[in-house]
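Trainee: The file below is target_32.txt, compact mmCIF, C-alpha atoms:
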# COMPACT_ATOMS: atom_id res chain seq x y z
CA MET A 272 -11.30 49.54 39.95
CA GLN A 273 -11.47 47.00 37.10
CA GLN A 274 -12.70 44.34 39.51
CA LEU A 275 -15.43 46.68 40.70
CA MET A 276 -16.42 47.44 37.11
CA GLN A 277 -16.48 43.74 36.25
CA ASN A 278 -18.69 43.03 39.26
CA ALA A 279 -20.94 45.93 38.35
CA LEU A 280 -21.30 44.54 34.82
CA ASP A 281 -22.06 41.10 36.21
CA GLY A 282 -24.52 42.56 38.71
CA SER A 283 -22.61 40.99 41.59
CA LEU A 284 -21.73 44.07 43.68
CA ASN A 285 -22.55 43.90 47.37
CA GLU A 286 -24.10 46.89 49.13
CA LYS A 287 -20.79 48.33 50.34
CA ASP A 288 -19.09 47.97 46.93
CA LYS A 289 -22.16 49.37 45.22
CA GLN A 290 -21.80 52.62 47.16
CA VAL A 291 -18.08 52.84 46.41
CA TRP A 292 -18.74 52.11 42.74
CA GLU A 293 -21.46 54.75 42.41
CA ALA A 294 -19.25 57.34 44.07
CA LEU A 295 -16.43 56.43 41.67
CA LEU A 296 -18.74 56.74 38.65
CA GLN A 297 -19.76 60.24 39.71
CA SER A 298 -16.28 61.45 40.56
CA ASP A 299 -14.35 60.04 37.59
CA PRO A 300 -15.77 60.81 34.11
CA GLN A 301 -13.22 58.51 32.44
CA VAL A 302 -14.33 55.52 34.51
CA ASN A 303 -17.92 56.50 33.80
CA ALA A 304 -17.28 56.58 30.04
CA GLU A 305 -15.50 53.24 30.09
CA TYR A 306 -18.28 51.65 32.10
CA THR A 307 -20.90 53.03 29.71
CA VAL A 308 -19.12 51.42 26.75
CA GLN A 309 -18.72 48.10 28.55
CA LYS A 310 -22.34 48.08 29.72
CA GLU A 311 -23.66 49.02 26.29
CA MET A 312 -21.64 46.28 24.58
CA ALA A 313 -22.57 43.68 27.19
CA ASP A 314 -26.30 44.48 26.77
CA LEU A 315 -26.04 44.42 22.99
CA LEU A 316 -24.25 41.08 22.93
CA GLN A 317 -26.57 39.51 25.46
CA ASN A 318 -29.47 39.75 23.02
CA SER A 319 -27.82 37.62 20.32
CA ALA A 320 -29.59 34.30 19.97
CA GLY A 321 -27.97 31.01 19.04
CA VAL A 322 -28.41 29.38 15.65
CA GLU A 323 -30.01 25.97 15.14
CA PRO A 324 -27.58 23.56 13.49
CA PRO A 325 -28.60 21.80 10.26
CA GLU A 326 -31.10 18.99 10.81
CA ASP A 327 -28.77 16.34 9.45
CA LEU A 328 -25.74 17.40 11.53
CA THR A 329 -26.01 14.42 13.87
CA HIS A 330 -26.08 12.10 10.88
CA THR A 331 -23.13 13.89 9.25
CA ILE A 332 -21.07 13.70 12.45
CA MET A 333 -21.88 10.04 13.04
CA ARG A 334 -21.03 9.24 9.42
CA ALA A 335 -17.64 10.98 9.81
CA VAL A 336 -17.01 9.06 13.02
CA HIS A 337 -17.89 5.72 11.41
CA ILE A 338 -15.69 6.41 8.38
CA LYS A 339 -12.83 7.33 10.72
CA GLU A 340 -13.38 4.19 12.75
CA ARG A 341 -13.45 2.02 9.62
CA VAL A 342 -10.23 3.57 8.29
CA ARG A 343 -8.54 3.19 11.68
CA LYS A 344 -9.50 -0.46 11.89
CA SER A 345 -8.17 -1.15 8.42
CA THR A 346 -4.66 0.28 8.99
CA TRP A 347 -1.74 -2.07 8.62
CA ARG A 348 -0.86 -1.80 12.31
CA ASP A 349 -4.09 -3.57 13.21
CA ARG A 350 -3.44 -6.35 10.77
CA ILE A 351 0.14 -7.13 11.84
CA PRO A 352 0.21 -9.79 14.54
CA ALA A 353 2.28 -9.31 17.68
CA VAL A 354 5.97 -9.96 17.00
CA SER A 355 7.34 -13.03 18.72
CA LEU A 356 10.89 -13.36 20.09
CA PRO A 357 12.18 -15.65 17.29
CA THR A 358 10.93 -13.08 14.75
CA VAL A 359 12.88 -10.35 16.54
CA ARG A 360 16.02 -12.51 16.44
CA LEU A 361 15.44 -13.16 12.75
CA ARG A 362 15.16 -9.41 12.19
CA TYR A 363 18.49 -8.83 13.97
CA ILE A 364 20.15 -11.40 11.74
CA ALA A 365 18.56 -9.88 8.61
CA SER A 366 19.64 -6.35 9.64
CA PHE A 367 23.19 -7.56 10.30
CA ALA A 368 23.32 -9.31 6.91
CA ALA A 369 22.00 -6.20 5.15
CA GLY A 370 24.61 -4.04 6.91
CA ALA A 371 27.40 -6.40 5.96
CA ALA A 372 26.24 -6.40 2.33
CA LEU A 373 26.22 -2.61 2.31
CA VAL A 374 29.78 -2.41 3.68
CA LEU A 375 30.86 -4.90 1.03
CA LEU A 376 29.18 -2.84 -1.69
CA VAL A 377 30.94 0.34 -0.56
CA MET A 378 34.27 -1.46 -0.47
CA MET A 379 33.79 -2.84 -3.98
CA THR A 380 32.38 0.22 -5.77
CA GLY A 381 33.62 3.20 -3.76
CA PHE A 382 31.48 5.53 -1.67
CA ASP A 383 30.47 7.97 -4.45
CA ASP A 384 29.08 5.29 -6.76
CA ALA A 385 27.19 3.53 -4.02
CA PHE A 386 25.44 6.64 -2.71
CA ARG A 387 24.89 8.72 -5.83
CA PHE A 388 21.17 9.38 -5.88
CA GLN A 389 19.18 9.35 -9.06
CA PRO A 390 16.81 12.34 -9.42
CA ARG A 391 13.78 10.16 -8.89
CA GLN A 392 14.99 9.11 -5.46
CA GLN A 393 15.25 12.56 -3.98
CA ALA A 394 13.12 13.50 -1.04
CA ASN A 395 11.60 16.84 -0.25
CA MET A 396 9.91 18.51 2.69
CA SER A 397 6.48 17.07 2.10
CA GLY A 398 7.85 13.58 2.37
CA ALA A 399 8.11 12.35 -1.18
CA LEU A 400 9.13 13.51 -4.60
CA TYR A 401 8.05 11.30 -7.43
CA ASP A 402 9.64 11.38 -10.81
CA MET A 403 7.21 10.04 -13.36
CA SER A 404 9.59 8.87 -16.04
CA SER A 405 8.46 7.01 -19.13
CA ALA A 406 9.48 3.74 -17.52
CA GLU A 407 6.98 4.30 -14.74
CA ARG A 408 3.78 5.25 -16.47
CA ARG A 409 1.45 4.59 -13.59
CA ARG A 410 1.92 4.70 -9.88
CA THR A 411 -0.49 4.39 -7.04
CA ILE A 412 0.36 6.21 -3.86
CA ASP A 413 -1.33 6.05 -0.51
CA LEU A 414 -1.10 9.58 0.77
CA GLU A 415 -1.97 8.56 4.30
CA SER A 416 1.66 7.72 4.86
CA ILE A 417 2.82 11.06 3.44
CA GLN A 418 1.12 13.29 6.00
CA GLY A 419 -1.36 14.89 3.65
CA GLY A 420 1.01 16.30 1.06
CA LEU A 421 2.55 15.12 -2.16
CA SER A 422 4.93 16.58 -4.72
CA TRP A 423 6.24 15.04 -7.86
CA HIS A 424 7.97 15.90 -11.08
CA ALA A 425 6.35 15.18 -14.39
CA TYR A 426 7.80 15.04 -17.85
CA GLY A 427 5.91 14.98 -21.10
CA GLN A 428 3.60 17.13 -23.17
CA SER A 429 0.37 16.06 -21.55
CA ILE A 430 -0.12 14.92 -18.00
CA GLU A 431 -3.27 13.25 -16.86
CA ILE A 432 -3.91 12.78 -13.18
CA GLN A 433 -6.55 10.60 -11.68
CA LEU A 434 -7.54 11.45 -8.13
CA SER A 435 -9.67 9.06 -6.15
CA LEU A 436 -10.59 10.70 -2.89
CA GLU A 437 -12.18 9.07 0.08
CA PRO A 438 -12.40 11.92 2.52
CA ARG A 439 -12.95 10.99 6.12
CA LEU A 440 -14.34 14.44 6.62
CA MET A 441 -15.06 17.43 4.49
CA SER A 442 -11.68 18.39 3.10
CA ASP A 443 -10.14 21.26 1.21
CA ILE A 444 -7.96 20.17 -1.66
CA LEU A 445 -5.21 22.44 -2.89
CA PHE A 446 -3.37 21.66 -6.11
CA THR A 447 -0.48 23.93 -7.01
CA TYR A 448 1.69 23.88 -10.10
CA ALA A 449 4.68 25.80 -11.36
CA PRO A 450 3.49 29.03 -12.99
CA GLU A 451 3.78 29.29 -16.77
CA ALA A 452 5.35 25.86 -17.04
CA ILE A 453 2.08 24.00 -16.94
CA VAL A 454 -1.48 24.76 -18.00
CA LEU A 455 -4.61 23.13 -16.68
CA LYS A 456 -6.60 21.87 -19.65
CA SER A 457 -9.50 20.17 -17.96
CA LEU A 458 -10.84 19.13 -14.59
CA LYS A 459 -13.62 16.59 -14.50
CA SER A 460 -15.55 14.99 -11.73
CA GLU A 461 -16.16 11.39 -12.72
CA SER A 462 -18.82 10.58 -10.16
CA ASP A 463 -21.33 13.31 -10.99
CA VAL A 464 -20.38 15.01 -7.74
CA PRO A 465 -20.45 18.77 -8.31
CA PHE A 466 -17.46 20.85 -7.33
CA ILE A 467 -17.82 22.83 -4.14
CA ASN A 468 -15.98 26.12 -3.73
CA LEU A 469 -13.96 25.50 -6.87
CA LYS A 470 -11.38 28.19 -7.57
CA VAL A 471 -8.90 28.04 -10.42
CA ASN A 472 -6.10 30.37 -11.40
CA SER A 473 -2.84 30.06 -13.29
CA GLU A 474 -1.00 28.57 -10.32
CA GLN A 475 -3.51 26.82 -8.13
CA ILE A 476 -6.75 24.93 -8.03
CA THR A 477 -8.72 24.44 -4.89
CA TRP A 478 -12.01 22.80 -4.16
CA ARG A 479 -13.79 21.10 -1.33
CA CYS A 480 -14.55 17.41 -1.26
CA ASP A 481 -16.99 15.81 1.16
CA ASN A 482 -17.89 12.61 -0.65
CA PRO A 483 -15.88 9.77 -2.12
CA CYS A 484 -15.25 10.89 -5.66
CA SER A 485 -12.95 10.44 -8.59
CA TYR A 486 -11.48 13.37 -10.48
CA ARG A 487 -9.47 13.58 -13.69
CA LEU A 488 -7.13 16.50 -14.22
CA THR A 489 -5.37 17.09 -17.53
CA PHE A 490 -2.42 19.44 -17.78
CA SER A 491 -0.25 20.34 -20.71
CA THR A 492 3.32 21.46 -20.28
CA VAL A 493 4.75 24.39 -22.19
CA THR A 494 8.34 23.68 -21.31
CA LYS A 495 10.70 20.79 -21.77
CA GLU A 496 11.99 21.27 -18.24
CA PRO A 497 10.58 19.08 -15.46
CA VAL A 498 7.53 20.61 -13.83
CA VAL A 499 6.41 20.34 -10.25
CA LEU A 500 2.89 19.56 -9.13
CA GLN A 501 1.91 19.64 -5.51
CA LEU A 502 -1.17 18.38 -3.78
CA GLN A 503 -2.25 19.27 -0.26
CA LEU A 504 -5.26 18.34 1.79
CA SER A 505 -6.72 20.16 4.72
CA GLN A 506 -6.74 16.97 6.74
CA ASN A 507 -4.63 13.91 6.46
CA ASP A 508 -7.11 12.14 4.26
CA GLN A 509 -6.62 8.86 2.60
CA ILE A 510 -6.09 9.44 -1.06
CA VAL A 511 -5.11 7.17 -3.89
CA LEU A 512 -3.45 8.86 -6.79
CA SER A 513 -2.30 7.63 -10.13
CA GLN A 514 -0.74 9.51 -12.98
CA GLU A 515 -0.27 8.77 -16.63
CA ILE A 516 2.21 10.51 -18.89
CA LYS A 517 1.17 10.51 -22.53
CA MET B 181 -12.25 1.09 53.72
CA LYS B 182 -10.45 1.34 50.38
CA LEU B 183 -13.66 0.37 48.60
CA PHE B 184 -15.52 3.08 50.47
CA PHE B 185 -13.01 5.73 49.35
CA ASN B 186 -13.18 4.45 45.78
CA GLN B 187 -16.95 4.79 45.82
CA LEU B 188 -16.64 8.24 47.34
CA LEU B 189 -14.25 9.20 44.54
CA ILE B 190 -16.69 7.97 41.88
CA VAL B 191 -19.53 9.93 43.49
CA TRP B 192 -17.34 13.03 43.55
CA ILE B 193 -16.32 12.55 39.90
CA VAL B 194 -19.95 12.06 38.88
CA TYR B 195 -20.85 15.21 40.82
CA MET B 196 -18.03 17.19 39.18
CA ILE B 197 -18.75 16.16 35.61
CA GLY B 198 -22.52 16.11 35.73
CA THR B 199 -24.30 12.79 36.07
CA SER B 200 -25.39 12.26 32.53
CA ASP B 201 -22.04 13.12 30.90
CA ALA B 202 -20.18 10.77 33.20
CA GLU B 203 -22.69 8.02 32.56
CA LEU B 204 -22.59 8.52 28.81
CA ILE B 205 -18.80 8.52 28.72
CA ALA B 206 -18.66 5.40 30.89
CA ARG B 207 -21.19 3.65 28.68
CA PHE B 208 -19.32 4.67 25.54
CA ARG B 209 -16.03 3.44 26.97
CA GLN B 210 -17.71 0.09 27.48
CA GLY B 211 -18.56 0.01 23.78
CA ASP B 212 -22.04 1.51 23.73
CA GLN B 213 -22.14 3.50 20.46
CA GLN B 214 -25.58 4.88 21.28
CA ALA B 215 -24.05 6.69 24.27
CA PHE B 216 -21.69 8.50 21.92
CA LYS B 217 -24.59 9.49 19.70
CA GLU B 218 -26.35 10.91 22.77
CA LEU B 219 -23.26 13.00 23.54
CA VAL B 220 -23.28 14.27 19.95
CA ILE B 221 -26.97 15.20 20.16
CA LYS B 222 -26.44 16.91 23.50
CA TYR B 223 -23.44 19.02 22.52
CA GLN B 224 -23.69 19.52 18.75
CA LYS B 225 -25.69 22.74 19.04
CA PRO B 226 -23.29 24.63 21.38
CA ILE B 227 -20.28 23.35 19.47
CA TYR B 228 -21.84 24.31 16.14
CA ASN B 229 -22.61 27.78 17.50
CA VAL B 230 -19.08 28.28 18.84
CA ALA B 231 -17.62 27.24 15.48
CA LEU B 232 -20.11 29.35 13.54
CA ARG B 233 -19.34 32.41 15.63
CA MET B 234 -15.62 31.81 15.32
CA THR B 235 -15.54 31.12 11.58
CA HIS B 236 -18.63 32.98 10.36
CA SER B 237 -19.29 30.16 7.93
CA ARG B 238 -21.92 27.44 8.12
CA ALA B 239 -19.85 25.05 5.99
CA GLU B 240 -16.79 25.49 8.17
CA ALA B 241 -18.85 25.23 11.35
CA GLU B 242 -20.20 21.87 10.16
CA GLU B 243 -16.69 20.74 9.31
CA VAL B 244 -15.41 21.81 12.72
CA CYS B 245 -18.27 19.89 14.40
CA GLN B 246 -17.29 16.74 12.53
CA ILE B 247 -13.62 17.11 13.47
CA VAL B 248 -14.43 17.85 17.11
CA PHE B 249 -16.57 14.76 17.57
CA VAL B 250 -14.18 12.55 15.61
CA LYS B 251 -11.41 13.70 17.98
CA VAL B 252 -13.63 13.05 20.99
CA PHE B 253 -14.36 9.59 19.62
CA GLU B 254 -10.66 8.87 19.19
CA LYS B 255 -9.41 10.38 22.43
CA ILE B 256 -12.21 9.62 24.86
CA ASP B 257 -10.01 6.99 26.54
CA SER B 258 -7.44 9.63 27.41
CA PHE B 259 -10.06 12.01 28.84
CA LYS B 260 -9.66 12.36 32.59
CA MET B 261 -12.98 11.97 34.33
CA ASP B 262 -12.10 14.54 37.00
CA HIS B 263 -12.02 17.24 34.31
CA SER B 264 -15.02 18.99 32.85
CA PHE B 265 -16.18 17.24 29.67
CA PHE B 266 -17.73 20.32 28.13
CA SER B 267 -14.57 22.40 28.78
CA TRP B 268 -12.59 19.75 26.93
CA LEU B 269 -15.11 19.75 24.11
CA TYR B 270 -15.15 23.54 23.86
CA ARG B 271 -11.36 23.66 23.85
CA ILE B 272 -11.19 21.23 20.91
CA ALA B 273 -13.87 23.26 19.11
CA MET B 274 -11.90 26.46 19.67
CA ASN B 275 -8.64 24.94 18.43
CA GLU B 276 -10.31 23.44 15.36
CA SER B 277 -12.08 26.72 14.57
CA ILE B 278 -8.73 28.51 14.67
CA ASN B 279 -7.24 25.80 12.42
CA SER B 280 -10.10 26.30 10.01
CA LEU B 281 -9.45 30.06 9.95
CA LYS B 282 -5.76 29.41 9.25
CA MET B 283 -6.68 27.09 6.39
CA ARG B 284 -8.99 29.73 4.97
CA LYS B 285 -6.20 32.30 5.17
CA ARG B 286 -3.91 29.92 3.30
CA LEU B 287 -6.45 29.48 0.54
CA SER B 288 -7.54 33.10 0.37
CA GLY B 289 -4.65 34.02 -1.91
CA LEU B 290 -6.44 32.33 -4.77
CA ASP B 291 -8.10 34.49 -7.39
CA ALA B 292 -11.49 33.15 -8.26
CA VAL B 293 -11.33 32.90 -12.03
CA HIS B 294 -14.53 30.95 -12.18
CA THR B 295 -16.71 29.03 -9.82
CA VAL B 296 -18.71 26.10 -11.05
CA ILE B 297 -21.11 25.43 -8.20
CA GLU B 298 -21.04 26.94 -4.74
CA LEU B 299 -23.08 24.59 -2.63
CA ASN B 300 -21.77 25.96 0.62
CA PRO B 301 -21.25 29.71 0.43
CA ARG B 302 -18.76 30.57 3.14
CA PHE B 303 -20.37 33.69 4.50
CA GLU B 304 -24.04 33.42 5.15
CA LEU B 305 -24.79 35.23 8.39
CA SER B 306 -25.83 38.79 7.81
CA ASP B 307 -25.60 39.81 11.45
CA PRO B 308 -23.64 43.06 11.95
CA ILE B 309 -22.52 41.92 15.40
CA GLN B 310 -21.03 38.82 13.82
CA GLU B 311 -19.37 40.94 11.13
CA ALA B 312 -17.86 43.08 13.88
CA LEU B 313 -16.72 40.02 15.85
CA MET B 314 -14.77 38.82 12.83
CA VAL B 315 -12.64 41.97 13.03
CA LEU B 316 -11.49 41.03 16.54
CA LYS B 317 -8.55 38.75 17.26
CA PRO B 318 -9.65 35.09 17.63
CA ILE B 319 -8.87 35.05 21.35
CA ASP B 320 -10.96 38.18 21.99
CA ARG B 321 -13.74 36.80 19.80
CA ALA B 322 -13.66 33.60 21.84
CA MET B 323 -14.06 35.59 25.06
CA ILE B 324 -17.16 37.35 23.75
CA ILE B 325 -18.62 34.10 22.41
CA PHE B 326 -18.17 32.17 25.64
CA ARG B 327 -19.16 34.95 28.01
CA HIS B 328 -22.04 36.59 26.19
CA PHE B 329 -23.42 33.96 23.78
CA HIS B 330 -22.88 30.90 25.96
CA ASN B 331 -23.15 32.57 29.37
CA LEU B 332 -20.09 30.80 30.75
CA GLY B 333 -18.42 31.95 33.97
CA TYR B 334 -14.89 33.35 34.05
CA GLN B 335 -13.60 30.19 35.68
CA GLU B 336 -15.10 28.02 32.95
CA ILE B 337 -13.69 30.23 30.19
CA ALA B 338 -10.30 30.18 31.92
CA ALA B 339 -10.42 26.37 31.99
CA ILE B 340 -11.36 26.14 28.30
CA LEU B 341 -8.72 28.57 27.08
CA ASP B 342 -6.10 27.58 29.62
CA LEU B 343 -5.72 31.12 30.95
CA SER B 344 -6.00 32.70 34.36
CA GLU B 345 -9.31 34.27 35.35
CA LYS B 346 -7.58 37.63 35.52
CA LYS B 347 -6.45 37.33 31.92
CA VAL B 348 -9.93 36.27 30.83
CA LYS B 349 -11.40 39.39 32.41
CA ALA B 350 -8.73 41.60 30.85
CA HIS B 351 -9.30 40.08 27.38
CA LEU B 352 -13.04 40.44 27.73
CA PHE B 353 -12.73 44.05 28.78
CA ALA B 354 -10.44 44.81 25.82
CA ALA B 355 -12.69 42.90 23.40
CA ARG B 356 -15.82 44.85 24.36
CA LYS B 357 -13.89 48.08 24.17
CA ALA B 358 -12.58 47.22 20.69
CA LEU B 359 -16.04 46.20 19.53
CA LYS B 360 -17.68 49.57 20.16
CA PRO B 361 -15.97 51.62 17.38
CA ILE B 362 -16.33 48.71 14.93
CA LEU B 363 -20.07 48.53 15.56
CA LEU B 364 -20.40 52.29 15.40
CA SER B 365 -18.72 52.31 11.98
CA MET B 366 -21.35 49.77 10.91
CA GLY B 367 -24.13 51.96 12.24
CA VAL B 368 -25.02 49.64 15.13
CA SER B 369 -25.63 51.11 18.55
CA ASN B 370 -27.48 50.06 21.68
CA GLU B 371 -27.93 53.59 22.95
CA LYS B 372 -31.48 54.37 23.81
Starting from the file, give its structure as structure tokens.
Mentor:
Amino acid sequence: MQQLMQNALDGSLNEKDKQVWEALLQSDPQVNAEYTVQKEMADLLQNSAGVEPPEDLTHTIMRAVHIKERVRKSTWRDRIPAVSLPTVRLRYIASFAAGAALVLLVMMTGFDDAFRFQPRQQANMSGALYDMSSAERRRTIDLESIQGGLSWHAYGQSIEIQLSLEPRLMSDILFTYAPEAIVLKSLKSESDVPFINLKVNSEQITWRCDNPCSYRLTFSTVTKEPVVLQLQLSQNDQIVLSQEIK
Amino acid sequence: MKLFFNQLLIVWIVYMIGTSDAELIARFRQGDQQAFKELVIKYQKPIYNVALRMTHSRAEAEEVCQIVFVKVFEKIDSFKMDHSFFSWLYRIAMNESINSLKMRKRLSGLDAVHTVIELNPRFELSDPIQEALMVLKPIDRAMIIFRHFHNLGYQEIAAILDLSEKKVKAHLFAARKALKPILLSMGVSNEK
């Protein structure tokens, strides 16, 4: 029955099926009602016209493709020459030496001392957790290797974050911070690029970035406990980030 | 003899894929960037329309278009010439549109305290049919888009969405049925 109805909707019934279908329509009011709905919807939808894309879409797409190509060509994999056999041997020797040194270290200091992690060396789900202690006042991180996400702890009264974004494509940026522990004081675009779809609340900031741009975010902490800031991008964009603790 | 069969295979592939697509892909694989641009010009409108219908947002449709063609650019070498190029393209567009919807859902929890400049308002189409489509599940919406807005056959839709023809027909039937009460509640009817 459904096949017949589908063919009737498509106008592809042959003479024999057409007779069967018409008889079915007259004898079964439920089939008739269903067919009426399907036919009405099909006719309604058929009249919807397509939309012309923006005039500069070709240019925008080609620009995105060229940026992607440029980034791909500049990755470290392309720059590393093919590894020769002596180099491989050298690597084996170096690995063996490093392993031997590690065993020696464990024997001399005991397992607990050798493998006790400092807080700043912890890792989390997004790939990296950075502890910005006073000793490390500035750090530049290439997010490309962190799969589009970054978390770090920050200490201090005022935290200033400089974001330099080079989106390959239009990208949504999501910044989250621990509620009540940190307050966003200011958010500035340093390249006169206006914010697109900017939304701010007490826990998150989000905006859209489609041009290379530099941003400066200033937070103040209202707790002496370490606070967590997280940054996520909608794509795995290349992003260089540095942070200063004042 | 082997050469003859090879040539026959190429002719068959060219026939299957449509002459110009096969030529453009071959030219692009040989390093002709202009061929890629021609593919973009040829397919940007249908892809943009699929994404726009799926996301109901011009900004997101543009973004999806960029991602689709960047992916095509990157993966063209792995594209098998005996497959339909436009099915492949449509499938990427569909997947990226769904990703875009997921991203929107993730960000929708934010309360807009203030907005500085909205250059790309997300919802711009004021078409009640489009509003109704957005109520449907993405897969059902895709069926309607491909069948009624792009006039694709069941076999083509099945190839794009990796479903059987039977399932395509069932989804389409259910989608049209679900659309009727939604449109009625919006005061839209095609009854004469």
Trainee: So that I can see what lies close to Arg207 of chain B, please list as a ChimeraX atom specification the residues with an atom at most 12 Å from it, counting only C-alpha atoms and leaving out residues fewer than 5 positions away in the same chain.
Mentor: /B:200-202,212-219,256-257
Trainee: Using all atoms listed in the file, pick whichever of A:Phe446, A:Trp478, A:Phe367, A:Tyr486 has the shortest atom-to-atom distance to Leu458 of chain A.
Mentor: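 Between A:Phe446, A:Trp478, A:Phe367, A:Tyr486, the residue approaching Leu458 of chain A most closely is A:Tyr486.
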Trainee: Using all atoms listed in the file, which of B:Leu269, B:Ile309, B:Ile227, B:Ala339 sits nearest Cys245 of chain B?
Mentor: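 Checking each candidate against Cys245 of chain B, we get B:Ile227 as the closest.
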Trainee: Which chain A residues have any atom within 9 Å of an atom of chain B, and for each, what is the nearest pair of atoms with distance in Å to one decimal, counting only C-alpha atoms, rows sorted by chain and number, as JSON lines?
Mentor:
{"residue": "A:Gln273", "atom": "CA", "partner": "B:Ala350", "partner_atom": "CA", "distance": 8.7}
{"residue": "A:Gln274", "atom": "CA", "partner": "B:Lys349", "partner_atom": "CA", "distance": 8.8}
{"residue": "A:Gln277", "atom": "CA", "partner": "B:Lys349", "partner_atom": "CA", "distance": 7.7}
{"residue": "A:Glu305", "atom": "CA", "partner": "B:Lys357", "partner_atom": "CA", "distance": 8.0}
{"residue": "A:Val308", "atom": "CA", "partner": "B:Lys357", "partner_atom": "CA", "distance": 6.7}
{"residue": "A:Gln309", "atom": "CA", "partner": "B:Arg356", "partner_atom": "CA", "distance": 6.0}
{"residue": "A:Glu311", "atom": "CA", "partner": "B:Asn370", "partner_atom": "CA", "distance": 6.1}
{"residue": "A:Met312", "atom": "CA", "partner": "B:Arg356", "partner_atom": "CA", "distance": 6.0}
{"residue": "A:Ala313", "atom": "CA", "partner": "B:His328", "partner_atom": "CA", "distance": 7.2}
{"residue": "A:Asp314", "atom": "CA", "partner": "B:Asn370", "partner_atom": "CA", "distance": 7.6}
{"residue": "A:Leu315", "atom": "CA", "partner": "B:Asn370", "partner_atom": "CA", "distance": 6.0}
{"residue": "A:Leu316", "atom": "CA", "partner": "B:His328", "partner_atom": "CA", "distance": 6.0}
{"residue": "A:Gln317", "atom": "CA", "partner": "B:His328", "partner_atom": "CA", "distance": 5.4}
{"residue": "A:Asn318", "atom": "CA", "partner": "B:Phe329", "partner_atom": "CA", "distance": 8.4}
{"residue": "A:Ser319", "atom": "CA", "partner": "B:Phe329", "partner_atom": "CA", "distance": 6.7}
{"residue": "A:Ala320", "atom": "CA", "partner": "B:Phe329", "partner_atom": "CA", "distance": 7.3}
{"residue": "A:Gly321", "atom": "CA", "partner": "B:Asn229", "partner_atom": "CA", "distance": 6.4}
{"residue": "A:Val322", "atom": "CA", "partner": "B:Asn229", "partner_atom": "CA", "distance": 6.3}
{"residue": "A:Glu323", "atom": "CA", "partner": "B:Lys225", "partner_atom": "CA", "distance": 6.7}
{"residue": "A:Pro324", "atom": "CA", "partner": "B:Lys225", "partner_atom": "CA", "distance": 5.9}
{"residue": "A:Pro325", "atom": "CA", "partner": "B:Glu242", "partner_atom": "CA", "distance": 8.4}
{"residue": "A:Leu328", "atom": "CA", "partner": "B:Glu242", "partner_atom": "CA", "distance": 7.2}
{"residue": "A:Thr329", "atom": "CA", "partner": "B:Ile221", "partner_atom": "CA", "distance": 6.4}
{"residue": "A:Thr331", "atom": "CA", "partner": "B:Gln246", "partner_atom": "CA", "distance": 7.3}
{"residue": "A:Ile332", "atom": "CA", "partner": "B:Gln246", "partner_atom": "CA", "distance": 4.9}
{"residue": "A:Met333", "atom": "CA", "partner": "B:Lys217", "partner_atom": "CA", "distance": 7.2}
{"residue": "A:Arg334", "atom": "CA", "partner": "B:Gln246", "partner_atom": "CA", "distance": 8.9}
{"residue": "A:Ala335", "atom": "CA", "partner": "B:Gln246", "partner_atom": "CA", "distance": 6.4}
{"residue": "A:Val336", "atom": "CA", "partner": "B:Val250", "partner_atom": "CA", "distance": 5.2}
{"residue": "A:His337", "atom": "CA", "partner": "B:Val250", "partner_atom": "CA", "distance": 8.8}
{"residue": "A:Lys339", "atom": "CA", "partner": "B:Val250", "partner_atom": "CA", "distance": 7.3}
{"residue": "A:Glu340", "atom": "CA", "partner": "B:Glu254", "partner_atom": "CA", "distance": 8.4}
{"residue": "A:Leu440", "atom": "CA", "partner": "B:Gln246", "partner_atom": "CA", "distance": 7.0}
{"residue": "A:Met441", "atom": "CA", "partner": "B:Glu243", "partner_atom": "CA", "distance": 6.1}
{"residue": "A:Ser442", "atom": "CA", "partner": "B:Glu243", "partner_atom": "CA", "distance": 8.3}
{"residue": "A:Asp443", "atom": "CA", "partner": "B:Met283", "partner_atom": "CA", "distance": 8.5}
{"residue": "A:Leu445", "atom": "CA", "partner": "B:Leu287", "partner_atom": "CA", "distance": 7.9}
{"residue": "A:Pro465", "atom": "CA", "partner": "B:Ile297", "partner_atom": "CA", "distance": 6.7}
{"residue": "A:Phe466", "atom": "CA", "partner": "B:Ile297", "partner_atom": "CA", "distance": 5.9}
{"residue": "A:Ile467", "atom": "CA", "partner": "B:Glu298", "partner_atom": "CA", "distance": 5.3}
{"residue": "A:Asn468", "atom": "CA", "partner": "B:Glu298", "partner_atom": "CA", "distance": 5.2}
{"residue": "A:Leu469", "atom": "CA", "partner": "B:Thr295", "partner_atom": "CA", "distance": 5.4}
{"residue": "A:Lys470", "atom": "CA", "partner": "B:Ala292", "partner_atom": "CA", "distance": 5.0}
{"residue": "A:Val471", "atom": "CA", "partner": "B:Val293", "partner_atom": "CA", "distance": 5.7}
{"residue": "A:Asn472", "atom": "CA", "partner": "B:Val293", "partner_atom": "CA", "distance": 5.8}
{"residue": "A:Glu474", "atom": "CA", "partner": "B:Leu290", "partner_atom": "CA", "distance": 8.6}
{"residue": "A:Gln475", "atom": "CA", "partner": "B:Leu290", "partner_atom": "CA", "distance": 7.1}
{"residue": "A:Ile476", "atom": "CA", "partner": "B:Leu290", "partner_atom": "CA", "distance": 8.1}
{"residue": "A:Thr477", "atom": "CA", "partner": "B:Leu287", "partner_atom": "CA", "distance": 7.7}
{"residue": "A:Ser505", "atom": "CA", "partner": "B:Met283", "partner_atom": "CA", "distance": 7.1}
Trainee: Have a look at atom CA of Trp292 of chain A and atom CA of Met276 of chain A and let me know their distance in Å, one decimal.
Mentor: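 For atom CA of Trp292 of chain A relative to atom CA of Met276 of chain A, the distance reads 7.7 Å.
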